[in-house]
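Visitor: There's a structure below that I have some questions on.
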Amino acid sequence: MGTRNNRSGGMKPEELGRALSAALSAPLGGEVRVEGLTRLSGGASRETWAFHASGPDGVRHALILRKDFEGSASQGLNLLLDESERFDRAGEYALCVVLHDAGVPTPRPVCLPARSTGLRDCFVMEHLDGEGLPRKLLHDDAYADVRPKMAAALGAVAARIHSLGPEELPMLPTLDARGQLGLIRRMLDLGGQTRPILELSLRWLRDRVPPLRSGLKLVHGDFRNGNFLVASDGFRAVLDWEYAHLGDPMEDLGFLCMKPWRFGNHHQDVGGFGSRQELFRAYEHAGGEPVDEDVIRFWEVLGTLKWGSLCTIRAMLHLNRMQRSVEAAAIGRRVAETEYDLIELIGEHP
């Protein structure tokens, strides 16, 4: 991945390095040297920094810092969330500890920095080797052997994630189907423009809310190509748990089947990798509940509508100078794509 800039809010890179040294002194057992601090490209909602840290034993650790944008708690989607729906980096860190210990493929969490270090709204995790850029995963020769296996691998991983219920997890927001529709309503209102296709899609969904069959389960909430780490010999990890919540596990499967996450490989419904049949068969074989394709369609429409609503918010934030960035501007332009996708989806199931 490339770099964008080397600033983190008001903290200069050298200040950030000193703060990370202080934060890592306990987990690494003494004085820590931080090197190669580099902000990675991408990320419209979070900053990601890569670096190396060496403790007193001389072992060099490859690490990642995940950090909220400065002031993000008072901007954008956070303004729409009830207290029960909010999920901060401390919550994400606690969840990742449980996931890693439970054998879910995700980077090992290393530390949650104390506020006394000057770091806020962030955590440190291990850096895993692999590729996450969809363009490379879908087209580079290095991943030619692993691509045909990805849909089945993702089905098995999703079943493992969805096997975890509230009693095994730290405190998480709850967002079932009706809660999601309420959030989308607030997102559309914040976007500031009436868009008939988005409103029609919201009405379509309200008339078709499916029952929750297996109770509330852990849902990743952004389960898609772009949040998976893959090596040439196979699947490595699920990344970016910032939207995790308790809800209907079918949400993740529907989200993975959305057209935007195929990145041009539209003949392969699952992330541009493979077929729905491969995904669903592997999911059920790994212990996931039986898949109802009408329920998947509901969540595919809901995910597409939520993505379109988020596009309108990103555009508003950029144009109103609340969060100026290339990512926000580019995402804002994509609302027209989601409207086209929604017409196709609900047109097939009037």
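Naming works like this for the structure tokens: A, B, ... for the chains as they're shown, residue 1 at the start of each chain, ligands 1 onward in shown order.
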Among segment 117-282 of chain A, which residues carry a DSSP assignment of strand (DSSP E), reported as an MDAnalysis selection string?
Guide: chainID A and resid 122:126 217:219 228:231 234:238 245:247
Visitor: Please give the complete set of residues from segment 20-51 of chain A that DSSP, run on the backbone, assigns to helix (DSSP H, G or I), formatted as a list of chain:residue names.
Guide: A:Leu20, A:Ser21, A:Ala22, A:Ala23, A:Leu24, A:Ser25, A:Ala26, A:Pro27, A:Leu28
Visitor: Determine the nearest neighbour of Phe263 of chain A from the options A:Pro196, A:Pro148, A:Gly226, A:Gly182, counting only C-alpha atoms.
Guide: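 The answer is A:Gly226, which sits nearest to Phe263 of chain A.
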Visitor: Write out as a ChimeraX atom specification which residues come within 7 Å of His127 of chain A when counting only C-alpha atoms, dropping same-chain ones fewer than 5 positions away.
Guide: /A:62-64,107
Visitor: Could you take the residues named above and write them with N, CA and C atoms, as a CSV table (one decimal), in the first residue's frame?
Guide:
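File written: again_27.csv
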chain,number,residue,atom,x,y,z
A,62,ALA,N,6.6,-6.1,13.8
A,62,ALA,CA,5.9,-5.4,12.7
A,62,ALA,C,4.5,-5.2,13.3
A,63,LEU,N,4.1,-3.9,13.4
A,63,LEU,CA,2.8,-3.5,14.0
A,63,LEU,C,2.0,-2.5,13.2
A,64,ILE,N,0.8,-2.4,13.6
A,64,ILE,CA,-0.2,-1.5,12.9
A,64,ILE,C,-0.9,-0.7,14.0
A,107,PRO,N,-5.8,-10.2,13.1
A,107,PRO,CA,-4.5,-9.9,13.7
A,107,PRO,C,-4.5,-9.9,15.2
Visitor: Nearest to Gly288 of chain A: which of A:Met250, A:Ile197, A:Ala50, A:Leu256 is it, counting only C-alpha atoms?
Guide: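 Once distances to Gly288 of chain A are computed over only C-alpha atoms, the minimum belongs to A:Met250.
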Visitor: Which residue out of A:Thr312, A:Gly29, A:Ser232, A:Leu65 has the minimum interatomic distance to Arg334 of chain A when only C-alpha atoms are used?
Guide: A:Thr312
Visitor: In Å, how far is it from atom CA of Glu14 of chain A to atom CA of Arg89 of chain A?
Guide: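 Separation between atom CA of Glu14 of chain A and atom CA of Arg89 of chain A: 22.6 Å.
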Visitor: Write out as a tab-separated table (two decimals) with N, CA and C atoms, in the first residue's frame the residues lying within 8 Å of Trp241 of chain A, counting only C-alpha atoms and excluding same-chain residues fewer than 5 positions away.
Guide:
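Ended up saving to out-v6.tsv:
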chain	number	residue	atom	x	y	z
A	92	GLU	N	-13.53	-2.18	20.08
A	92	GLU	CA	-12.99	-3.00	19.00
A	92	GLU	C	-11.79	-3.81	19.48
A	96	CYS	N	-11.42	-7.84	19.52
A	96	CYS	CA	-10.34	-8.53	18.81
A	96	CYS	C	-9.57	-9.48	19.73
A	220	HIS	N	-19.93	-9.07	11.61
A	220	HIS	CA	-18.78	-8.22	11.30
A	220	HIS	C	-19.23	-6.83	10.89
A	221	GLY	N	-20.24	-6.75	10.04
A	221	GLY	CA	-20.83	-5.48	9.65
A	221	GLY	C	-20.21	-4.82	8.44
A	222	ASP	N	-19.05	-5.33	7.98
A	222	ASP	CA	-18.40	-4.79	6.78
A	222	ASP	C	-17.64	-5.93	6.09
Visitor: Please determine, counting only C-alpha atoms, which residue among A:Trp307, A:Tyr93, A:Phe223, A:Phe228 has the shortest atom-to-atom distance to Pro170 of chain A.
Guide: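 When distances to Pro170 of chain A are compared using only C-alpha atoms, the smallest one comes from A:Tyr93.
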Visitor: Take atom CA of Trp261 of chain A and atom CA of Glu337 of chain A and report the distance between them in Å, one decimal.
Guide: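 Interatomic distance, atom CA of Trp261 of chain A to atom CA of Glu337 of chain A: 12.2 Å.
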Visitor: Can you tell me which residues surround segment 268-271 of chain A at a distance of at most 7 Å, considering only C-alpha atoms, apart from same-chain residues fewer than 5 positions away, and format the answer as a VMD selection string?
Guide: chain A and resid 151 224 to 225 256 to 257 261 to 262 276
Visitor: Hey, what's within 10 Å of Ser201 of chain A if we count only C-alpha atoms and toss same-chain stuff fewer than 4 positions away? As a list in words, please?
Guide: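 The filter keeps Pro196, Ile197, Leu205, Arg206, Val301, Leu302, Thr304, Leu305, Glu339, Leu342, Ile343, Leu345 and Ile346 of chain A.
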Visitor: Write the residues of the preceding selection, restricted to N, CA and C atoms, as a compact mmCIF listing (two decimals), in the first residue's frame.
Guide:
# COMPACT_ATOMS: atom_id res chain seq x y z
N PRO A 196 -35.18 9.68 -4.76
CA PRO A 196 -36.35 8.79 -4.86
C PRO A 196 -36.01 7.30 -4.83
N ILE A 197 -34.93 6.88 -5.50
CA ILE A 197 -34.61 5.45 -5.54
C ILE A 197 -34.24 4.95 -4.14
N LEU A 205 -37.80 -2.46 1.73
CA LEU A 205 -37.23 -3.21 2.86
C LEU A 205 -38.17 -3.26 4.05
N ARG A 206 -38.82 -2.16 4.36
CA ARG A 206 -39.73 -2.13 5.50
C ARG A 206 -40.87 -3.13 5.35
N VAL A 301 -30.04 -5.95 -0.48
CA VAL A 301 -30.68 -4.66 -0.75
C VAL A 301 -30.38 -3.68 0.38
N LEU A 302 -30.50 -4.16 1.64
CA LEU A 302 -30.26 -3.26 2.76
C LEU A 302 -28.81 -2.76 2.76
N THR A 304 -26.81 -2.45 0.19
CA THR A 304 -26.64 -1.53 -0.93
C THR A 304 -27.24 -0.17 -0.60
N LEU A 305 -28.40 -0.18 0.03
CA LEU A 305 -29.03 1.08 0.42
C LEU A 305 -28.19 1.80 1.48
N GLU A 339 -27.75 3.57 -6.76
CA GLU A 339 -29.13 3.72 -7.22
C GLU A 339 -29.41 2.76 -8.38
N LEU A 342 -29.68 -0.74 -6.95
CA LEU A 342 -30.95 -0.95 -6.25
C LEU A 342 -32.11 -1.15 -7.22
N ILE A 343 -32.11 -0.42 -8.32
CA ILE A 343 -33.15 -0.61 -9.33
C ILE A 343 -33.13 -2.05 -9.83
N LEU A 345 -31.90 -4.71 -8.21
CA LEU A 345 -32.22 -5.65 -7.14
C LEU A 345 -33.71 -5.69 -6.83
N ILE A 346 -34.33 -4.53 -6.65
CA ILE A 346 -35.75 -4.55 -6.27
C ILE A 346 -36.64 -4.73 -7.49
Visitor: Which of these residues is nearest to Ile161 of chain A, using only C-alpha atoms: A:Asp121, A:Gly192, A:Leu181, A:Lys217?
Guide: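 Checking each of A:Asp121, A:Gly192, A:Leu181, A:Lys217 against Ile161 of chain A, counting only C-alpha atoms, the winner is A:Lys217.
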Visitor: Separation of atom CA of Pro113 of chain A and atom CA of Val157 of chain A, in Å?
Guide: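 Taking atom CA of Pro113 of chain A and atom CA of Val157 of chain A, their separation equals 29.2 Å.
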